[in-house]
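In what follows, a structure is listed as structure tokens, so that the remarks can point back to it.
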Amino acid sequence: MGNINSERINRLRELMKRDGIHYYIVPTSDPHMSEYLCDHYKLREYLSGFTGSAGTLLVSDDEAFLWTDGRYYIQAEKELEGSGIKLMRMQDEGVPTIFEYLETNVSDDQVIGFDGNVVSVSFFMELCDIMPDDAGFRTDVCYAGEVWEDRPERPAEKVMVLSDDISGKPASEKIEDIRRFLSDCSMDACFLADLSDIMWIFNIRGNDIPYNPVAYSYAVISRDDAVLFIDEACMSEELKSASSENGYRLMLYEGIFEFAEEKKNDPEMSEIICDFSSINHRLFNILNEYEYLADIPSHEYIKKHIKNETEISLSRRYHIEDAVSVINWIYDIKEMLKERKITEYAAAKLVDEYRGRCDGFVEPSFATICAYAENGAIVHYEPEKEGSKYLEKGGFVLLDSGGQYKGATTDITRTVALGELSYEEKRAYTAVLKGHLRLMSLIFLKGVRGENIDIAARSPIWEIYTDYKHGTGHGVGSFLNVHEGPQSFNYHIREEKVQPILESGMITSDEPGIYIEGKYGIRLENLLLCVEKEKNEWGTFLAFEPLSLVPFERDAIITEMLNEDELNALNDYHKLVYDTLKDRFEGEMLDWFEEQTDPL
């Protein structure tokens, strides 16, 4: 693999030399800045061999670098071996960012190139801020077609239109909400590129990106018009009917650029808004010629992160179905290992199979992570059919999995003991559990943001002088993307991306962890619904309702490490799990389930 990728990098260098480009940037993105990509846009993976979902490749005349975050350090080291690409560990002390590296190394007469279709405005602006005035840019250089043989086509499948009893609100009303926002801020129109935003507004779901039910599309909403730009192959009769009923027009996907050019001299669309984090550079170049262009985060006018009552009800319902699948998996894996071994890959497929039996299930919400022993330390480890480890008696297996249901998205992680554990493993598990319980049990005043409360989950892990190189929590969609902002639990303050305050109706994950390379990985994750607890003269107090309902691993807990509040929180959670699910099991499985949820 390394030789293949070094050859591909050298072919890229030949093209760069031909075009006078000294540094070429290959991000992990598509024209909508999506986190997960269809195969058509995986140029960075094709060139580097690194298969993680986050990373930026930089190629120069004689060097190549790949920046990625702490979730992928171990994986990237293995996958980049032999490629000649140097791994840049983004969160490690002393490692420059890609912008710092370029600022230090690019001289005045050199040229930086990239494909403006897949680079965000925000990225380009930061690049401009640090580059010498005389440094050149080529923003129209797409080498994928030349360097990538047999490049897959971009998918375009017919979309599903959601009924109101799934969406909770007609598309026509969502469009009117955006128009009210435009009126309030005296703007004429908004241009939309984030696929999850567009799916949510128009109450449609697609199948263009694995695990994310989205379709490649753009949208423009003005005071008196609404247009959805989407491939003709996606335009089902159902969609055509819905567009007529909800007052929006359908135009072809690539037509967004011609439309934007035509409207830039329209006096009724002279002042526009968009979210720079999801707009690609090519479209921005057109929008920037309008009389006034404002960068406003889409969550200020698209409130999909605050679930409505229908979405909350469906989330509760499908989390129950989801929990039954995961609990059955845990029980069956432990029973199987009494008689025979099973590979990580087969175990991952088994939980997918259990979910597939649930009413309303559509597909997994991401590739199932099933990691035994030392593989658990690879944060986003995905077992392959050939060569995956066998689960054995003893140690931990980490299962991180989720489902897309017609009305809800789930995401849950449990680290399961398969037999005898060392004291070190139990101590680490208990520390992670303490952090999880502290965050889940938190009561806080409205006005708090995610970065303010991340310490609740991290403090027990910091107390044993350990940490984890990922956020504690991410927002989750409603039958949409499993990673969906804008809120998160992460103490790293990003000035370029201000967190919203936490509000009732938000669904966010709670997933602290400990990862010891070469030994084990532990992560415990529930999805939490933010709810209003009490309102008084001091303000509005909020708390979390756990949506995920799967017992924690009793055999891995050192009870003496839990304080009284943590022990009560654990027992209360297990009582909730038992009371909610006891009628779903019978016989020996029910006996086992009762044991798992008994008070400690």
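Each chain in the structure tokens gets a letter, A, B, ..., in the order shown, and its residues are numbered from 1; ligands are numbered from 1 in order too.
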
Check which residues of stretch 213-312 of chain A sit at most 10 Å from stretch 158-177 of chain A using only C-alpha atoms, and return one row each with the closest pair of atoms and their distance in Å to one decimal, ordered by chain and rising number, as CSV.
residue,atom,partner,partner_atom,distance
A:Pro213,CA,A:Val159,CA,9.0
A:Val214,CA,A:Val159,CA,8.3
A:Ala215,CA,A:Val159,CA,7.1
A:Ile221,CA,A:Ile175,CA,7.3
A:Ser222,CA,A:Ile175,CA,9.2
A:Arg223,CA,A:Glu176,CA,8.8
A:Asp224,CA,A:Glu176,CA,9.8
A:Asp225,CA,A:Ile175,CA,9.5
A:Ala226,CA,A:Ile175,CA,7.7
A:Ile230,CA,A:Val159,CA,9.9
A:Asp231,CA,A:Lys158,CA,9.0
A:Glu232,CA,A:Lys158,CA,8.7
A:Ala233,CA,A:Lys158,CA,6.1
A:Cys234,CA,A:Lys158,CA,3.7
A:Met235,CA,A:Lys158,CA,6.0
A:Ser236,CA,A:Lys158,CA,5.6
A:Glu237,CA,A:Lys158,CA,9.3
A:Glu238,CA,A:Val161,CA,6.7
A:Leu239,CA,A:Val161,CA,6.3
A:Lys240,CA,A:Val161,CA,9.9
A:Ser241,CA,A:Val161,CA,9.7
A:Ala242,CA,A:Val161,CA,7.4
A:Ser243,CA,A:Ala171,CA,8.9
A:Glu245,CA,A:Ser172,CA,8.1
A:Asn246,CA,A:Ser172,CA,4.6
A:Gly247,CA,A:Ser172,CA,6.4
A:Tyr248,CA,A:Ser172,CA,8.2
A:Tyr301,CA,A:Asp177,CA,7.6
A:Ile302,CA,A:Lys174,CA,8.1
A:Lys303,CA,A:Lys174,CA,9.1
A:Lys304,CA,A:Lys174,CA,9.9
A:Lys307,CA,A:Gly168,CA,9.2
A:Asn308,CA,A:Gly168,CA,6.6
A:Glu309,CA,A:Gly168,CA,7.2
A:Thr310,CA,A:Gly168,CA,5.0
A:Glu311,CA,A:Gly168,CA,6.5
A:Ile312,CA,A:Gly168,CA,9.6

Could those selected residues go to a file with C-alpha atoms, as a PDB file, in the first residue's frame?
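Saved the output as again31.pdb:
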ATOM      1  CA  PRO A 213     -29.314  10.093   4.799  1.00  0.00           C
ATOM      2  CA  VAL A 214     -28.554  13.135   2.656  1.00  0.00           C
ATOM      3  CA  ALA A 215     -28.657  14.018  -1.046  1.00  0.00           C
ATOM      4  CA  ILE A 221     -34.505  30.940   0.244  1.00  0.00           C
ATOM      5  CA  SER A 222     -35.504  34.564  -0.327  1.00  0.00           C
ATOM      6  CA  ARG A 223     -38.393  36.744   0.815  1.00  0.00           C
ATOM      7  CA  ASP A 224     -40.659  35.447  -1.983  1.00  0.00           C
ATOM      8  CA  ASP A 225     -38.922  32.388  -3.457  1.00  0.00           C
ATOM      9  CA  ALA A 226     -37.427  29.068  -2.384  1.00  0.00           C
ATOM     10  CA  ILE A 230     -30.760  18.720  -6.755  1.00  0.00           C
ATOM     11  CA  ASP A 231     -29.861  16.131  -9.393  1.00  0.00           C
ATOM     12  CA  GLU A 232     -32.655  15.130 -11.747  1.00  0.00           C
ATOM     13  CA  ALA A 233     -32.138  11.485 -10.753  1.00  0.00           C
ATOM     14  CA  CYS A 234     -33.140  12.452  -7.193  1.00  0.00           C
ATOM     15  CA  MET A 235     -36.411  14.049  -8.268  1.00  0.00           C
ATOM     16  CA  SER A 236     -38.987  11.427  -7.419  1.00  0.00           C
ATOM     17  CA  GLU A 237     -42.648  12.065  -8.138  1.00  0.00           C
ATOM     18  CA  GLU A 238     -43.068  12.300  -4.368  1.00  0.00           C
ATOM     19  CA  LEU A 239     -40.533  15.144  -4.235  1.00  0.00           C
ATOM     20  CA  LYS A 240     -42.143  17.000  -7.137  1.00  0.00           C
ATOM     21  CA  SER A 241     -45.489  16.793  -5.366  1.00  0.00           C
ATOM     22  CA  ALA A 242     -43.996  17.926  -2.042  1.00  0.00           C
ATOM     23  CA  SER A 243     -42.307  20.919  -3.681  1.00  0.00           C
ATOM     24  CA  GLU A 245     -47.456  21.609  -1.796  1.00  0.00           C
ATOM     25  CA  ASN A 246     -44.788  23.400   0.262  1.00  0.00           C
ATOM     26  CA  GLY A 247     -44.091  26.317  -2.057  1.00  0.00           C
ATOM     27  CA  TYR A 248     -40.574  25.682  -3.360  1.00  0.00           C
ATOM     28  CA  TYR A 301     -31.830  30.536  11.501  1.00  0.00           C
ATOM     29  CA  ILE A 302     -32.121  26.750  11.099  1.00  0.00           C
ATOM     30  CA  LYS A 303     -33.093  25.283  14.451  1.00  0.00           C
ATOM     31  CA  LYS A 304     -32.629  21.606  13.698  1.00  0.00           C
ATOM     32  CA  LYS A 307     -35.643  18.971  18.510  1.00  0.00           C
ATOM     33  CA  ASN A 308     -39.402  19.458  18.345  1.00  0.00           C
ATOM     34  CA  GLU A 309     -41.801  17.294  20.333  1.00  0.00           C
ATOM     35  CA  THR A 310     -42.301  14.833  17.472  1.00  0.00           C
ATOM     36  CA  GLU A 311     -38.567  14.360  17.026  1.00  0.00           C
ATOM     37  CA  ILE A 312     -38.062  13.901  20.776  1.00  0.00           C
TER      38      ILE A 312
END

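The closest residue to A:His483, picked from A:Glu511, A:Val416, A:Glu386, A:Asn212 and counting only C-alpha atoms, is A:Asn212.
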
Item to complete: Based on DSSP run over this structure's backbone, return all residues of stretch 315-544 of chain A in helix (DSSP H, G or I), as a PyMOL selection string.
Response: chain A and resi 315-336+344-356+373-377+423-440+450-462

Worksheet entry | Long-range neighbours of A:Ile453 as a list in words, 9 Å cut-off, only C-alpha atoms, 3 positions minimum in chain | Leu439, Leu442, Phe444, Val448, Arg449, Gly450, Ala456, Ala457, Phe489, Asn490 and Tyr491 of chain A

Quick one: write out the picked residues with N, CA and C atoms as a CSV table (one decimal), in the first residue's frame?
chain,number,residue,atom,x,y,z
A,439,LEU,N,-21.2,13.9,34.1
A,439,LEU,CA,-21.8,14.8,33.1
A,439,LEU,C,-23.3,14.5,32.9
A,442,LEU,N,-25.4,16.1,35.7
A,442,LEU,CA,-25.2,17.6,35.9
A,442,LEU,C,-26.5,18.4,35.8
A,444,PHE,N,-27.4,22.5,35.6
A,444,PHE,CA,-26.7,23.7,35.2
A,444,PHE,C,-27.7,24.8,34.8
A,448,VAL,N,-25.1,28.3,29.9
A,448,VAL,CA,-23.9,27.5,29.9
A,448,VAL,C,-23.7,27.0,28.4
A,449,ARG,N,-22.5,26.9,28.0
A,449,ARG,CA,-22.1,26.3,26.7
A,449,ARG,C,-21.4,25.0,27.0
A,450,GLY,N,-21.3,24.2,25.9
A,450,GLY,CA,-20.7,22.9,26.0
A,450,GLY,C,-19.3,22.9,26.6
A,456,ALA,N,-16.7,18.2,33.7
A,456,ALA,CA,-17.4,17.2,34.5
A,456,ALA,C,-17.0,15.8,34.1
A,457,ALA,N,-16.9,15.6,32.8
A,457,ALA,CA,-16.6,14.2,32.4
A,457,ALA,C,-15.1,14.0,32.4
A,489,PHE,N,-19.5,19.0,23.6
A,489,PHE,CA,-18.8,19.1,24.9
A,489,PHE,C,-17.3,18.9,24.6
A,490,ASN,N,-16.6,20.1,24.7
A,490,ASN,CA,-15.2,20.1,24.4
A,490,ASN,C,-14.6,21.3,25.0
A,491,TYR,N,-13.6,21.1,25.9
A,491,TYR,CA,-13.1,22.3,26.6
A,491,TYR,C,-12.2,23.2,25.7

Practice prompt. Counting only C-alpha atoms, figure out which residue out of A:Met440, A:Leu250, A:Ile296, A:Leu581 gets nearest to A:Phe181.
Written response: A:Ile296

Worksheet item: Leaving out A:Cys185 and any residue of its chain fewer than 6 positions from it, which residues lie within 12 Å of it when counting only C-alpha atoms, given as JSON, numbers by chain?
Response: {"A": [178, 179, 271, 272, 273, 294, 296, 300, 301]}
